[in-house]
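For reference, the structure discussed in these notes is given below.
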Amino acid sequence: MPFNLTAPIWPNKSDNFFRDRHFAPLRQHGPRCVATSLAIIAGVSVDIFEGSINTQDPFSWSDALKPMGMKLCYCPTDIRRIEFYLPELIELDDLFILSYYTTNNMKVLFGDPDDRGWLCGSHVIVLHKDMVLDPATGRVTKAADHKCNRFHTKRIFRVVRNDYPRGI
């Protein structure tokens with residue numbers, strides 16, 4: 001296989017997991033963007049996820065979604081700004097969790113963590129089709145207009161059915 005500069009977010013455009021489902025925005029209370037994003041996806045109370053997930057461990061996010069018939073599937077990405085992935089994500093026309101760093105300071109992003117292991121802040125949002133459901137605001141915004149595009153990618157996951165062969 002020749003050297004590739006990038007990999008597609010998803011291997012095909014025919015998979016359809018949650019295109020036709022409706023998702024209602026929720027507003028987070030305190031630093032709970034992960035739990036609130038999972039609650040948006042699952043259509044349940046945020047309390048279901050409080051205390052059962054580690055905000056820095058997406059495996060715990062995926063495990064918490066499994067009783068609802070869903071799990072997360074890692075998408076190959078790097079630290080590019082979200083804007084570079086957005087057209088491909090929108091074209092896939094489905095449900096994703098996007099995580100991005102909330103600084104553009106390259107010394108911080110590429111630096112070492114502090115004594116507690118802290119590098120910098122990040123935020124988690126839901127992308128459904130071409131709309132962002134942002135738990136920080138509790139609003140739905142056109143993805144192309146959302147501020148996430150200005151920030152660098154931390155992680156991207158596609159939400160898939162529990163029985164899908166890929167996933168974490």
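By convention in this document, the chains of the structure tokens carry letters A, B, ... by their order, each chain's residues are numbered from 1, and ligands are numbered from 1 in the order they are shown.
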Show me, as a PyMOL selection string, the residues that have an atom within 10 Å of A:Gln28 when counting only C-alpha atoms, minus same-chain residues fewer than 5 positions from it.
chain A and resi 33-37+46+134-138
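All residues within stretch 85-138 of chain A that the backbone DSSP calculation assigns to alpha helix (DSSP H) are Leu86, Pro87, Glu88, Leu89, Ile90, Glu91, Leu92, Met106, Lys107, Val108 and Leu109 of chain A.
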Restrict the selected residues to N, CA and C atoms and save them as a short mmCIF file (atom, residue, chain, number, x, y, z; two decimals), in the first residue's frame.
```
data_model
loop_
_atom_site.label_atom_id
_atom_site.label_comp_id
_atom_site.auth_asym_id
_atom_site.auth_seq_id
_atom_site.Cartn_x
_atom_site.Cartn_y
_atom_site.Cartn_z
N LEU A 86 -14.92 18.72 8.52
CA LEU A 86 -16.35 18.97 8.46
C LEU A 86 -17.02 18.61 7.13
N PRO A 87 -16.47 18.97 5.97
CA PRO A 87 -17.16 18.60 4.73
C PRO A 87 -17.38 17.08 4.59
N GLU A 88 -16.37 16.31 4.97
CA GLU A 88 -16.51 14.85 4.89
C GLU A 88 -17.53 14.34 5.89
N LEU A 89 -17.53 14.88 7.08
CA LEU A 89 -18.51 14.47 8.10
C LEU A 89 -19.93 14.79 7.65
N ILE A 90 -20.12 15.98 7.10
CA ILE A 90 -21.45 16.37 6.63
C ILE A 90 -21.89 15.47 5.48
N GLU A 91 -20.98 15.13 4.61
CA GLU A 91 -21.32 14.25 3.49
C GLU A 91 -21.75 12.86 3.97
N LEU A 92 -21.19 12.40 5.09
CA LEU A 92 -21.61 11.10 5.64
C LEU A 92 -23.02 11.16 6.21
N MET A 106 -0.31 27.05 20.07
CA MET A 106 0.48 25.88 19.66
C MET A 106 1.48 25.44 20.73
N LYS A 107 2.00 26.38 21.51
CA LYS A 107 2.91 26.01 22.59
C LYS A 107 2.19 25.15 23.63
N VAL A 108 0.93 25.44 23.86
CA VAL A 108 0.14 24.65 24.80
C VAL A 108 -0.23 23.30 24.18
N LEU A 109 -0.75 23.33 22.95
CA LEU A 109 -1.20 22.10 22.30
C LEU A 109 -0.07 21.08 22.13
#
```
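For the pair atom CA of A:His128 and atom CA of A:Asn4, the separation is 28.2 Å.
Within stretch 1-136 of chain A, residues classed as strand (DSSP E) by DSSP on backbone coordinates are Met70, Lys71, Leu72, Cys73, Tyr74, Leu95, Phe96, Ile97, Leu98, Ser99, Tyr100, Tyr101, Ser122, His123, Val124, Ile125, Val126, Leu127, His128, Met131, Val132, Leu133 and Asp134 of chain A.
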Kindly give the distance, in Å, that separates atom CA of A:Phe110 and atom CA of A:Phe157, rounded to a single decimal.
22.3 Å
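For A:Leu65, the residues within 9 Å (counting only C-alpha atoms, excluding itself and residues fewer than 4 positions away along the chain) are Leu38, Ile41, Ala42, Phe49, Ser60, Trp61, Gly69, Met70, Lys71, Leu72 and Asn162 of chain A.
Counting only C-alpha atoms and comparing A:Arg161, A:His123, A:His146, A:Arg166, the residue that lies closest to A:Lys66 is A:Arg161.
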Residue neighbourhood A:Ala24, 8 Å, only C-alpha atoms, exclusion window fewer than 4 positions, as a VMD selection string
chain A and resid 40 43 133
Let me see the file: selected residues, all heavy atoms, as a tab-separated table (two decimals), in the first residue's frame.
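Contents of out-v9.tsv, freshly written:
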```tsv
chain	number	residue	atom	x	y	z
A	40	ILE	N	-27.80	13.61	25.03
A	40	ILE	CA	-28.44	14.07	23.79
A	40	ILE	C	-28.60	12.89	22.83
A	40	ILE	O	-29.67	12.66	22.27
A	40	ILE	CB	-27.63	15.21	23.13
A	40	ILE	CG1	-27.74	16.49	23.96
A	40	ILE	CG2	-28.10	15.45	21.70
A	40	ILE	CD1	-26.74	17.58	23.55
A	43	GLY	N	-31.01	10.24	24.33
A	43	GLY	CA	-32.36	10.69	24.65
A	43	GLY	C	-32.76	10.39	26.08
A	43	GLY	O	-33.91	10.08	26.36
A	133	LEU	N	-25.23	20.12	17.83
A	133	LEU	CA	-25.96	20.26	19.09
A	133	LEU	C	-24.89	20.49	20.15
A	133	LEU	O	-24.11	19.59	20.47
A	133	LEU	CB	-26.77	19.01	19.41
A	133	LEU	CG	-27.96	18.75	18.47
A	133	LEU	CD1	-27.53	17.96	17.25
A	133	LEU	CD2	-29.05	18.03	19.21
```
For A:Lys147, please output as a PDB file with N, CA, C and O atoms, in the first residue's frame all residues within 12 Å (counting only C-alpha atoms; exclusion window: fewer than 2 positions along the same chain).
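Written file, result-v1.pdb:
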```pdb
ATOM      1  N   ARG A  81      -7.590  21.362  12.411  1.00  0.00           N
ATOM      2  CA  ARG A  81      -8.821  22.022  12.852  1.00  0.00           C
ATOM      3  C   ARG A  81     -10.039  21.252  12.329  1.00  0.00           C
ATOM      4  O   ARG A  81      -9.995  20.649  11.251  1.00  0.00           O
ATOM      5  N   ILE A  82     -11.111  21.309  13.070  1.00  0.00           N
ATOM      6  CA  ILE A  82     -12.357  20.623  12.702  1.00  0.00           C
ATOM      7  C   ILE A  82     -12.794  21.009  11.294  1.00  0.00           C
ATOM      8  O   ILE A  82     -13.323  20.183  10.555  1.00  0.00           O
ATOM      9  N   GLU A  83     -12.565  22.256  10.902  1.00  0.00           N
ATOM     10  CA  GLU A  83     -13.001  22.706   9.579  1.00  0.00           C
ATOM     11  C   GLU A  83     -12.484  21.819   8.451  1.00  0.00           C
ATOM     12  O   GLU A  83     -13.117  21.704   7.407  1.00  0.00           O
ATOM     13  N   TYR A 100     -12.852  18.770  20.606  1.00  0.00           N
ATOM     14  CA  TYR A 100     -11.807  19.674  20.134  1.00  0.00           C
ATOM     15  C   TYR A 100     -11.189  20.412  21.312  1.00  0.00           C
ATOM     16  O   TYR A 100     -11.796  20.587  22.365  1.00  0.00           O
ATOM     17  N   TYR A 101      -9.923  20.789  21.112  1.00  0.00           N
ATOM     18  CA  TYR A 101      -9.214  21.583  22.112  1.00  0.00           C
ATOM     19  C   TYR A 101      -9.737  23.010  22.063  1.00  0.00           C
ATOM     20  O   TYR A 101     -10.054  23.520  21.000  1.00  0.00           O
ATOM     21  N   THR A 102      -9.804  23.652  23.217  1.00  0.00           N
ATOM     22  CA  THR A 102     -10.374  24.994  23.272  1.00  0.00           C
ATOM     23  C   THR A 102      -9.314  26.092  23.325  1.00  0.00           C
ATOM     24  O   THR A 102      -9.587  27.199  23.787  1.00  0.00           O
ATOM     25  N   THR A 103      -8.129  25.786  22.843  1.00  0.00           N
ATOM     26  CA  THR A 103      -7.088  26.794  22.675  1.00  0.00           C
ATOM     27  C   THR A 103      -6.489  26.618  21.284  1.00  0.00           C
ATOM     28  O   THR A 103      -6.527  25.514  20.730  1.00  0.00           O
ATOM     29  N   HIS A 123     -13.659  20.483  24.506  1.00  0.00           N
ATOM     30  CA  HIS A 123     -15.117  20.500  24.533  1.00  0.00           C
ATOM     31  C   HIS A 123     -15.631  19.377  23.642  1.00  0.00           C
ATOM     32  O   HIS A 123     -14.984  19.003  22.662  1.00  0.00           O
ATOM     33  N   ILE A 125     -19.064  18.001  21.482  1.00  0.00           N
ATOM     34  CA  ILE A 125     -20.345  18.375  20.885  1.00  0.00           C
ATOM     35  C   ILE A 125     -20.876  17.204  20.068  1.00  0.00           C
ATOM     36  O   ILE A 125     -20.159  16.250  19.776  1.00  0.00           O
ATOM     37  N   VAL A 132     -24.874  21.098  14.542  1.00  0.00           N
ATOM     38  CA  VAL A 132     -24.176  20.872  15.806  1.00  0.00           C
ATOM     39  C   VAL A 132     -25.161  21.089  16.946  1.00  0.00           C
ATOM     40  O   VAL A 132     -25.839  22.118  17.002  1.00  0.00           O
ATOM     41  N   ASP A 134     -24.826  21.710  20.652  1.00  0.00           N
ATOM     42  CA  ASP A 134     -23.755  22.106  21.556  1.00  0.00           C
ATOM     43  C   ASP A 134     -24.270  22.154  22.990  1.00  0.00           C
ATOM     44  O   ASP A 134     -25.110  22.993  23.320  1.00  0.00           O
ATOM     45  N   ALA A 136     -22.851  23.277  25.583  1.00  0.00           N
ATOM     46  CA  ALA A 136     -22.471  24.514  26.282  1.00  0.00           C
ATOM     47  C   ALA A 136     -23.558  25.568  26.172  1.00  0.00           C
ATOM     48  O   ALA A 136     -23.782  26.338  27.102  1.00  0.00           O
ATOM     49  N   THR A 137     -24.240  25.602  25.025  1.00  0.00           N
ATOM     50  CA  THR A 137     -25.275  26.614  24.813  1.00  0.00           C
ATOM     51  C   THR A 137     -26.684  26.035  24.859  1.00  0.00           C
ATOM     52  O   THR A 137     -27.642  26.783  25.017  1.00  0.00           O
ATOM     53  N   THR A 141     -26.961  24.550  15.897  1.00  0.00           N
ATOM     54  CA  THR A 141     -26.346  25.511  14.990  1.00  0.00           C
ATOM     55  C   THR A 141     -25.911  24.795  13.724  1.00  0.00           C
ATOM     56  O   THR A 141     -25.490  23.641  13.796  1.00  0.00           O
ATOM     57  N   LYS A 142     -25.985  25.476  12.597  1.00  0.00           N
ATOM     58  CA  LYS A 142     -25.414  24.921  11.368  1.00  0.00           C
ATOM     59  C   LYS A 142     -23.936  24.631  11.632  1.00  0.00           C
ATOM     60  O   LYS A 142     -23.217  25.494  12.146  1.00  0.00           O
ATOM     61  N   ALA A 143     -23.507  23.434  11.271  1.00  0.00           N
ATOM     62  CA  ALA A 143     -22.131  23.032  11.549  1.00  0.00           C
ATOM     63  C   ALA A 143     -21.118  23.991  10.926  1.00  0.00           C
ATOM     64  O   ALA A 143     -20.096  24.310  11.539  1.00  0.00           O
ATOM     65  N   ALA A 144     -21.394  24.450   9.735  1.00  0.00           N
ATOM     66  CA  ALA A 144     -20.464  25.356   9.057  1.00  0.00           C
ATOM     67  C   ALA A 144     -20.280  26.669   9.805  1.00  0.00           C
ATOM     68  O   ALA A 144     -19.253  27.340   9.649  1.00  0.00           O
ATOM     69  N   ASP A 145     -21.240  27.052  10.636  1.00  0.00           N
ATOM     70  CA  ASP A 145     -21.187  28.315  11.375  1.00  0.00           C
ATOM     71  C   ASP A 145     -20.717  28.160  12.817  1.00  0.00           C
ATOM     72  O   ASP A 145     -20.550  29.150  13.522  1.00  0.00           O
ATOM     73  N   ASN A 149     -15.135  24.914  14.312  1.00  0.00           N
ATOM     74  CA  ASN A 149     -14.317  24.899  13.101  1.00  0.00           C
ATOM     75  C   ASN A 149     -12.983  25.613  13.263  1.00  0.00           C
ATOM     76  O   ASN A 149     -12.034  25.330  12.539  1.00  0.00           O
ATOM     77  N   ARG A 150     -12.914  26.519  14.210  1.00  0.00           N
ATOM     78  CA  ARG A 150     -11.689  27.295  14.430  1.00  0.00           C
ATOM     79  C   ARG A 150     -10.688  26.572  15.334  1.00  0.00           C
ATOM     80  O   ARG A 150      -9.583  27.058  15.546  1.00  0.00           O
ATOM     81  N   PHE A 151     -11.102  25.440  15.901  1.00  0.00           N
ATOM     82  CA  PHE A 151     -10.260  24.755  16.886  1.00  0.00           C
ATOM     83  C   PHE A 151      -9.756  23.415  16.365  1.00  0.00           C
ATOM     84  O   PHE A 151     -10.289  22.849  15.421  1.00  0.00           O
ATOM     85  N   HIS A 152      -8.749  22.915  17.044  1.00  0.00           N
ATOM     86  CA  HIS A 152      -8.064  21.694  16.628  1.00  0.00           C
ATOM     87  C   HIS A 152      -8.733  20.438  17.203  1.00  0.00           C
ATOM     88  O   HIS A 152      -9.170  20.424  18.353  1.00  0.00           O
TER      89      HIS A 152
END
```
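Closest approach to A:His22 among A:Ile156, A:Ile168, A:Cys73, A:Leu127: A:Leu127, based on only C-alpha atoms.
Comparing A:Met131, A:Cys148, A:Val160, A:Leu95 by their smallest distance to A:Arg21, the closest is A:Leu95 (using only C-alpha atoms).
From atom CA of A:Leu98 back to atom CA of A:Leu26, the distance works out to 15.9 Å.
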Within 6 Å of A:Ser99, counting only C-alpha atoms, which residues qualify if same-chain residues fewer than 2 places away don't, as a list in words?
His123, Val124, Lys154 and Arg155 of chain A
Write the residues you've just listed into a file as a CSV table (one decimal), in the first residue's frame, and include all heavy atoms for each of them.
```
chain,number,residue,atom,x,y,z
A,123,HIS,N,-13.7,20.5,24.5
A,123,HIS,CA,-15.1,20.5,24.5
A,123,HIS,C,-15.6,19.4,23.6
A,123,HIS,O,-15.0,19.0,22.7
A,123,HIS,CB,-15.6,21.9,24.1
A,123,HIS,CG,-17.1,22.0,24.2
A,123,HIS,ND1,-17.8,21.8,25.4
A,123,HIS,CD2,-18.1,22.4,23.3
A,123,HIS,CE1,-19.1,22.0,25.2
A,123,HIS,NE2,-19.3,22.4,23.9
A,124,VAL,N,-16.8,18.8,24.0
A,124,VAL,CA,-17.4,17.8,23.2
A,124,VAL,C,-18.8,18.2,22.8
A,124,VAL,O,-19.5,18.8,23.5
A,124,VAL,CB,-17.6,16.5,24.1
A,124,VAL,CG1,-18.4,15.4,23.4
A,124,VAL,CG2,-16.2,16.0,24.5
A,154,LYS,N,-9.5,16.9,18.8
A,154,LYS,CA,-9.0,16.0,19.8
A,154,LYS,C,-9.4,14.6,19.5
A,154,LYS,O,-8.5,13.7,19.4
A,154,LYS,CB,-9.5,16.4,21.2
A,154,LYS,CG,-9.0,15.6,22.4
A,154,LYS,CD,-9.5,16.1,23.7
A,154,LYS,CE,-8.8,15.3,24.8
A,154,LYS,NZ,-9.3,15.9,26.1
A,155,ARG,N,-10.7,14.4,19.2
A,155,ARG,CA,-11.2,13.1,18.8
A,155,ARG,C,-12.5,13.2,18.0
A,155,ARG,O,-13.2,14.2,18.2
A,155,ARG,CB,-11.6,12.3,20.1
A,155,ARG,CG,-10.5,12.1,21.1
A,155,ARG,CD,-11.1,11.3,22.3
A,155,ARG,NE,-10.0,11.1,23.3
A,155,ARG,CZ,-10.0,11.6,24.5
A,155,ARG,NH1,-11.0,12.4,24.8
A,155,ARG,NH2,-9.1,11.4,25.3
```
